[in-house]
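Shown here: data-v6.txt, compact mmCIF, C-alpha atoms.
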```txt
# COMPACT_ATOMS: atom_id res chain seq x y z
CA MET F 1294 2.71 26.00 -15.76
CA PHE F 1295 6.19 24.43 -15.48
CA ASP F 1296 9.51 25.99 -16.44
CA ASP F 1297 11.65 22.86 -16.10
CA LEU F 1298 10.86 19.18 -16.34
CA CYS F 1299 12.61 16.08 -15.06
CA LEU F 1300 11.58 12.63 -16.35
CA ILE F 1301 12.70 9.52 -14.46
CA SER F 1302 11.87 5.87 -15.11
CA GLU F 1303 13.28 2.69 -13.58
CA GLY F 1304 15.73 4.85 -11.62
CA GLN F 1305 17.15 6.39 -14.82
CA THR F 1306 17.04 10.07 -15.70
CA LEU F 1307 15.49 10.45 -19.15
CA PHE F 1308 15.24 14.22 -19.43
CA CYS F 1309 16.07 17.24 -17.32
CA GLY F 1310 15.72 20.72 -18.72
CA PRO F 1311 13.29 23.35 -20.02
CA VAL F 1312 9.83 21.94 -20.62
CA ASP F 1313 9.68 23.60 -24.05
CA ASP F 1314 12.60 21.46 -25.24
CA VAL F 1315 11.32 18.03 -24.23
CA LEU F 1316 9.20 17.26 -27.31
CA SER F 1317 11.90 18.40 -29.72
CA HIS F 1318 14.44 16.25 -27.84
CA PHE F 1319 12.20 13.19 -28.13
CA SER F 1320 11.66 13.95 -31.83
CA THR F 1321 15.41 13.71 -32.46
CA LEU F 1322 15.17 10.14 -31.16
CA GLY F 1323 12.38 9.28 -33.57
CA LEU F 1324 9.70 9.53 -30.89
CA HIS F 1325 7.20 12.02 -32.30
CA SER F 1326 4.11 13.15 -30.44
CA PRO F 1327 0.98 12.45 -32.53
CA VAL F 1328 -1.05 15.48 -33.58
CA GLY F 1329 -3.80 16.25 -31.09
CA THR F 1330 -2.25 14.15 -28.32
CA ASN F 1331 -1.77 15.66 -24.88
CA PRO F 1332 2.03 16.05 -24.45
CA ALA F 1333 1.82 14.86 -20.83
CA GLU F 1334 0.06 11.65 -21.90
CA PHE F 1335 2.60 11.12 -24.69
CA LEU F 1336 5.56 11.53 -22.30
CA ALA F 1337 3.97 9.27 -19.68
CA ASP F 1338 3.46 6.61 -22.34
CA MET F 1339 7.06 6.91 -23.56
CA ILE F 1340 8.63 6.43 -20.11
CA SER F 1341 6.23 3.75 -18.82
CA ILE F 1342 6.58 -0.02 -19.06
CA ASP F 1343 3.72 -2.22 -20.22
CA TYR F 1344 3.83 -5.36 -18.07
CA SER F 1345 0.85 -7.03 -19.77
CA ASP F 1346 3.05 -8.79 -22.33
CA PRO F 1347 6.73 -9.86 -22.04
CA ALA F 1348 7.53 -8.78 -25.58
CA ARG F 1349 5.88 -5.41 -25.06
CA SER F 1350 7.71 -5.00 -21.74
CA ALA F 1351 11.08 -5.67 -23.40
CA GLU F 1352 10.25 -3.15 -26.13
CA CYS F 1353 9.43 -0.49 -23.53
CA ARG F 1354 12.68 -1.15 -21.66
CA ASP F 1355 14.67 -0.81 -24.89
CA ARG F 1356 12.98 2.53 -25.56
CA ILE F 1357 13.75 3.76 -22.05
CA SER F 1358 17.40 2.72 -22.47
CA LEU F 1359 17.54 4.65 -25.75
CA ILE F 1360 16.14 7.79 -24.12
CA SER F 1361 18.44 7.43 -21.10
CA ASN F 1362 21.55 7.04 -23.29
CA ALA F 1363 20.55 10.07 -25.32
CA TYR F 1364 20.17 12.10 -22.13
CA GLU F 1365 23.61 11.05 -20.89
CA GLU F 1366 25.22 11.92 -24.23
CA LYS F 1367 23.44 15.16 -25.16
CA ILE F 1368 21.95 16.81 -22.07
CA ALA F 1369 23.89 15.63 -19.02
CA PRO F 1370 27.24 17.10 -20.23
CA THR F 1371 25.64 20.53 -20.65
CA ILE F 1372 24.31 20.38 -17.09
CA ASN F 1373 27.67 19.47 -15.59
CA VAL F 1374 29.71 21.96 -17.65
CA ALA F 1375 29.30 24.68 -15.00
CA LEU F 1376 30.84 22.55 -12.25
CA ASP F 1377 34.25 23.24 -10.84
CA PRO F 1378 36.58 20.65 -12.43
CA SER F 1379 38.48 20.32 -9.16
CA GLU F 1380 35.36 19.05 -7.38
CA SER F 1381 33.93 15.54 -7.52
CA PRO F 1382 30.96 15.36 -9.93
CA SER F 1383 29.19 12.93 -7.57
CA LYS F 1384 28.74 15.76 -5.08
CA HIS F 1385 26.55 17.63 -7.55
CA VAL F 1386 24.39 14.77 -8.77
CA GLY F 1387 20.83 15.09 -7.48
CA HIS F 1388 19.98 17.18 -4.42
CA PRO F 1389 22.53 18.06 -1.73
CA LEU F 1390 22.90 15.41 0.94
CA LEU F 1391 20.23 15.91 3.62
CA THR F 1392 20.72 15.57 7.34
CA TRP F 1393 20.45 12.11 8.86
CA TRP F 1394 17.01 12.76 10.34
CA ASP F 1395 15.71 14.32 7.11
CA GLN F 1396 16.89 11.25 5.21
CA LEU F 1397 15.14 8.96 7.70
CA SER F 1398 11.91 10.96 7.53
CA MET F 1399 11.90 11.05 3.74
CA LEU F 1400 12.70 7.35 3.32
CA PHE F 1401 10.22 6.32 6.00
CA GLY F 1402 7.44 8.25 4.25
CA ARG F 1403 8.35 6.67 0.91
CA SER F 1404 8.32 3.17 2.42
CA VAL F 1405 4.92 3.82 4.04
CA ARG F 1406 3.47 4.82 0.67
CA GLN F 1407 4.94 1.68 -0.91
CA VAL F 1408 3.35 -0.52 1.76
CA LYS F 1409 -0.05 1.14 1.24
CA ARG F 1410 0.15 0.64 -2.52
CA ASP F 1411 1.16 -3.01 -2.14
CA ARG F 1412 -2.25 -4.13 -0.86
CA LYS F 1413 -2.46 -7.15 -3.14
CA SER F 1414 0.82 -8.53 -1.83
CA ASN F 1415 -0.24 -7.93 1.76
CA MET F 1416 -3.56 -9.69 1.23
CA ALA F 1417 -1.74 -12.50 -0.57
CA ARG F 1418 0.09 -13.17 2.71
CA ILE F 1419 -2.80 -12.62 5.13
CA ILE F 1420 -5.26 -14.92 3.35
CA PRO F 1421 -2.84 -17.91 3.26
CA SER F 1422 -2.07 -17.25 6.94
CA ILE F 1423 -5.75 -17.62 7.79
CA THR F 1424 -6.37 -20.68 5.61
CA SER F 1425 -3.20 -22.47 6.74
CA ALA F 1426 -4.02 -21.73 10.38
CA LEU F 1427 -7.48 -23.29 9.95
CA MET F 1428 -6.04 -26.29 8.10
CA PHE F 1429 -3.31 -26.97 10.66
CA GLY F 1430 -5.82 -26.30 13.42
CA MET F 1431 -7.90 -29.23 12.15
CA ILE F 1432 -4.80 -31.42 11.89
CA TYR F 1433 -3.56 -30.59 15.40
CA TRP F 1434 -7.01 -30.22 16.96
CA ARG F 1435 -6.91 -30.24 20.78
CA LEU F 1436 -3.49 -31.77 21.30
CA GLY F 1437 -3.37 -34.14 24.25
CA ARG F 1438 -0.80 -34.42 27.01
CA ASP F 1439 0.07 -38.08 26.49
CA GLN F 1440 3.18 -39.40 24.71
CA SER F 1441 1.53 -39.13 21.29
CA GLY F 1442 0.44 -35.58 22.06
CA ILE F 1443 4.02 -34.61 22.92
CA HIS F 1444 5.25 -35.83 19.52
CA ASN F 1445 2.41 -33.99 17.83
CA ARG F 1446 3.38 -30.80 19.64
CA LEU F 1447 6.88 -31.04 18.15
CA GLY F 1448 5.35 -31.30 14.68
CA PHE F 1449 3.03 -28.43 15.53
CA LEU F 1450 5.95 -26.16 16.48
CA MET F 1451 7.86 -27.12 13.33
CA VAL F 1452 4.84 -26.24 11.18
CA CYS F 1453 4.50 -22.86 12.91
CA ALA F 1454 8.18 -22.06 12.42
CA THR F 1455 8.25 -23.14 8.77
CA ASN F 1456 5.05 -21.34 7.80
CA THR F 1457 6.11 -18.09 9.47
CA ALA F 1458 9.58 -18.12 7.94
CA MET F 1459 8.42 -18.92 4.41
CA LEU F 1460 5.68 -16.26 4.33
CA SER F 1461 8.01 -13.54 5.60
CA MET F 1462 10.95 -14.47 3.40
CA THR F 1463 9.04 -14.96 0.15
CA ARG F 1464 7.46 -11.51 0.40
CA THR F 1465 10.85 -9.85 0.85
CA LEU F 1466 12.42 -11.84 -1.99
CA LYS F 1467 9.58 -10.84 -4.29
CA VAL F 1468 9.41 -7.13 -3.45
CA PHE F 1469 12.99 -6.09 -2.65
CA PRO F 1470 15.05 -7.07 -5.77
CA PRO F 1471 13.28 -4.58 -8.12
CA GLU F 1472 13.62 -1.88 -5.46
CA LYS F 1473 17.30 -2.70 -4.99
CA ASN F 1474 18.17 -1.46 -8.49
CA VAL F 1475 16.66 1.94 -7.70
CA VAL F 1476 18.40 2.08 -4.32
CA ASP F 1477 21.76 1.26 -5.91
CA ARG F 1478 21.40 4.16 -8.35
CA GLU F 1479 20.35 6.56 -5.59
CA ARG F 1480 23.21 5.44 -3.36
CA ALA F 1481 25.67 5.92 -6.24
CA ARG F 1482 24.51 9.54 -6.39
CA HIS F 1483 25.05 9.95 -2.63
CA SER F 1484 21.37 10.74 -2.12
CA TYR F 1485 21.27 9.10 1.32
CA HIS F 1486 23.09 6.71 3.64
CA VAL F 1487 22.32 3.02 4.10
CA LEU F 1488 21.29 3.18 7.78
CA PRO F 1489 18.40 5.68 7.34
CA TYR F 1490 17.13 3.60 4.42
CA LEU F 1491 17.16 0.36 6.41
CA LEU F 1492 15.59 1.91 9.53
CA GLY F 1493 12.89 3.68 7.53
CA LYS F 1494 12.07 0.55 5.55
CA ILE F 1495 12.02 -1.76 8.57
CA VAL F 1496 9.81 0.52 10.69
CA ALA F 1497 7.40 1.28 7.83
CA GLU F 1498 6.99 -2.38 6.92
CA LEU F 1499 6.70 -3.60 10.51
CA PRO F 1500 2.86 -3.84 10.51
CA ALA F 1501 2.88 -5.71 7.19
CA VAL F 1502 5.58 -8.08 8.48
CA LEU F 1503 3.95 -8.76 11.85
CA ALA F 1504 0.32 -9.11 10.73
CA PRO F 1505 0.53 -12.56 9.03
CA PRO F 1506 2.36 -14.44 11.84
CA LEU F 1507 0.21 -12.82 14.53
CA ILE F 1508 -3.00 -13.70 12.69
CA PHE F 1509 -1.72 -17.22 12.05
CA GLY F 1510 -0.78 -17.77 15.70
CA SER F 1511 -3.97 -16.19 17.09
CA ILE F 1512 -6.13 -18.63 15.12
CA LEU F 1513 -3.99 -21.74 15.49
CA TYR F 1514 -3.14 -21.50 19.20
CA PRO F 1515 -6.69 -22.00 20.59
CA LEU F 1516 -7.53 -24.62 17.94
CA ALA F 1517 -4.57 -26.73 19.04
CA GLY F 1518 -5.75 -26.52 22.65
CA LEU F 1519 -2.47 -25.22 24.03
CA GLU F 1520 -1.98 -23.62 27.44
CA GLY F 1521 -4.73 -21.03 27.87
CA SER F 1522 -2.89 -18.51 30.06
CA VAL F 1523 -2.37 -15.03 28.64
CA GLY F 1524 1.34 -15.12 29.34
CA ARG F 1525 1.93 -18.35 27.39
CA PHE F 1526 -0.20 -17.10 24.51
CA ALA F 1527 1.67 -13.77 24.39
CA ARG F 1528 5.02 -15.60 24.49
CA PHE F 1529 3.95 -17.83 21.59
CA LEU F 1530 2.93 -14.82 19.46
CA SER F 1531 6.14 -12.99 20.39
CA VAL F 1532 8.27 -15.88 19.15
CA LEU F 1533 6.37 -15.96 15.85
CA ALA F 1534 6.72 -12.17 15.47
CA VAL F 1535 10.47 -12.23 16.10
CA GLU F 1536 10.89 -15.13 13.68
CA GLY F 1537 8.92 -13.23 11.03
CA MET F 1538 11.18 -10.19 11.38
CA ALA F 1539 14.31 -12.35 11.32
CA SER F 1540 13.13 -14.17 8.19
CA GLY F 1541 12.38 -10.85 6.50
CA ALA F 1542 15.90 -9.67 7.34
CA ILE F 1543 17.35 -12.83 5.83
CA GLY F 1544 15.29 -12.18 2.72
CA LEU F 1545 16.80 -8.68 2.49
CA ALA F 1546 20.28 -10.14 2.80
CA ILE F 1547 19.60 -12.72 0.06
CA GLY F 1548 17.87 -10.20 -2.21
```
Would you write out, as structure tokens, the structure that this file holds?
Amino acid sequence: MFDDLCLISEGQTLFCGPVDDVLSHFSTLGLHSPVGTNPAEFLADMISIDYSDPARSAECRDRISLISNAYEEKIAPTINVALDPSESPSKHVGHPLLTWWDQLSMLFGRSVRQVKRDRKSNMARIIPSITSALMFGMIYWRLGRDQSGIHNRLGFLMVCATNTAMLSMTRTLKVFPPEKNVVDRERARHSYHVLPYLLGKIVAELPAVLAPPLIFGSILYPLAGLEGSVGRFARFLSVLAVEGMASGAIGLAIG
């Protein structure tokens, strides 16, 4: 069905060549496919990482490093031998550089798929937003307009700012560092520019970034008995949304 096969794991190329040669290549590394095992299942198992146990995960990473080093030593030189020595090898690594809009479209679609797959992380931010809004709503229930109420409003605003910033920043710090390693390798191969990556990622993740602060503010605002006009309510949610995006950007910078 396939003439050529390319295996990639953790941003590393593990094999690229005729599909008929892949099992023999793995055999030279001491990785033999058991009799009666589907070759596709065997290859998927060899290049995957088992996260259920730290020791097993480290063993899988060592195996992937072994396969990657073997590819760089034995196969990669044969692929590059046809290149013009006067040209930079980096120009021929991966696919030719796409146009700016094609890069943006491709990276945006990839980021959208990542957001859809990361449902657990999204729910892990939405549920705390709801519970914390209800909890703080009981603490700051129907704030008055007397001197004590004014002090309580200051504490209320500080709680809103802190909660929004922490939820947005912690998600970015948790998700982005593993992705950064892949992006660094792709950027080293001149696969795309930084600006299309950032724009595609920011736009694709915008709903996931805005949902928690908007849900938090929508629940907490009426419970605290703040000004009931639509304009004030919209302004309050806008401030939380902007803070959430700014905190996410800071998380990207830190990560």
Could you give me, as a list in words, the residues within 12 Å of Gly1437 of chain F, counting only C-alpha atoms and dropping anything in the same chain fewer than 2 positions from it? Tyr1433, Trp1434, Arg1435, Asp1439, Gln1440, Ser1441, Gly1442, Ile1443, His1444, Asn1445, Arg1446, Ala1517, Gly1518, Leu1519 and Glu1520 of chain F
Compile the contact shell of Glu1303 of chain F as a ChimeraX atom specification: residues with an atom at most 10 Å away, counting all atoms listed in the file, same-chain residues fewer than 2 positions apart removed. /F:1301,1305-1307,1340-1342,1354,1357-1358,1471-1472,1474-1475,1478
Between atom CA of Val1487 of chain F and atom CA of Gly1304 of chain F, what is the distance in Å, rounded to a tenth? 17.1 Å
Skipping near chain neighbours, those fewer than 2 positions away, what residues fall within 12 Å of Arg1418 of chain F using all atoms listed in the file, listed as a ChimeraX atom specification? /F:1411-1416,1420-1425,1456-1465,1501-1509
Measuring between all atoms listed in the file, which one of F:Pro1327, F:Lys1409, F:Ile1368, F:Cys1353 shows the shortest distance to Met1339 of chain F?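 Selected residue with least distance to Met1339 of chain F: F:Cys1353.
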So how many Å separate atom CA of Cys1299 of chain F and atom CA of Pro1311 of chain F, to one decimal?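 Calculated distance between atom CA of Cys1299 of chain F and atom CA of Pro1311 of chain F is 8.8 Å.
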Could you list, as a PyMOL selection string, every residue within 6 Å of Val1312 of chain F, counting only C-alpha atoms and ignoring same-chain residues fewer than 5 positions away? chain F and resi 1296-1298
With a distance cut-off of 10 Å and all atoms listed in the file, select the neighbouring residues of segment 1447-1450 of chain F, excluding the residue or stretch itself and same-chain residues fewer than 6 positions from it, and output the selection as a list in words.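 Skipping anything fewer than 6 positions along the chain leaves Phe1429, Gly1430, Ile1432, Tyr1433, Leu1436, Asn1456, Leu1513, Tyr1514, Ala1517 and Phe1529 of chain F.
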Could you tell me how far atom CA of Lys1494 of chain F lies from atom CA of Ala1351 of chain F, in Å and to one decimal?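 Between atom CA of Lys1494 of chain F and atom CA of Ala1351 of chain F the gap is 29.6 Å.
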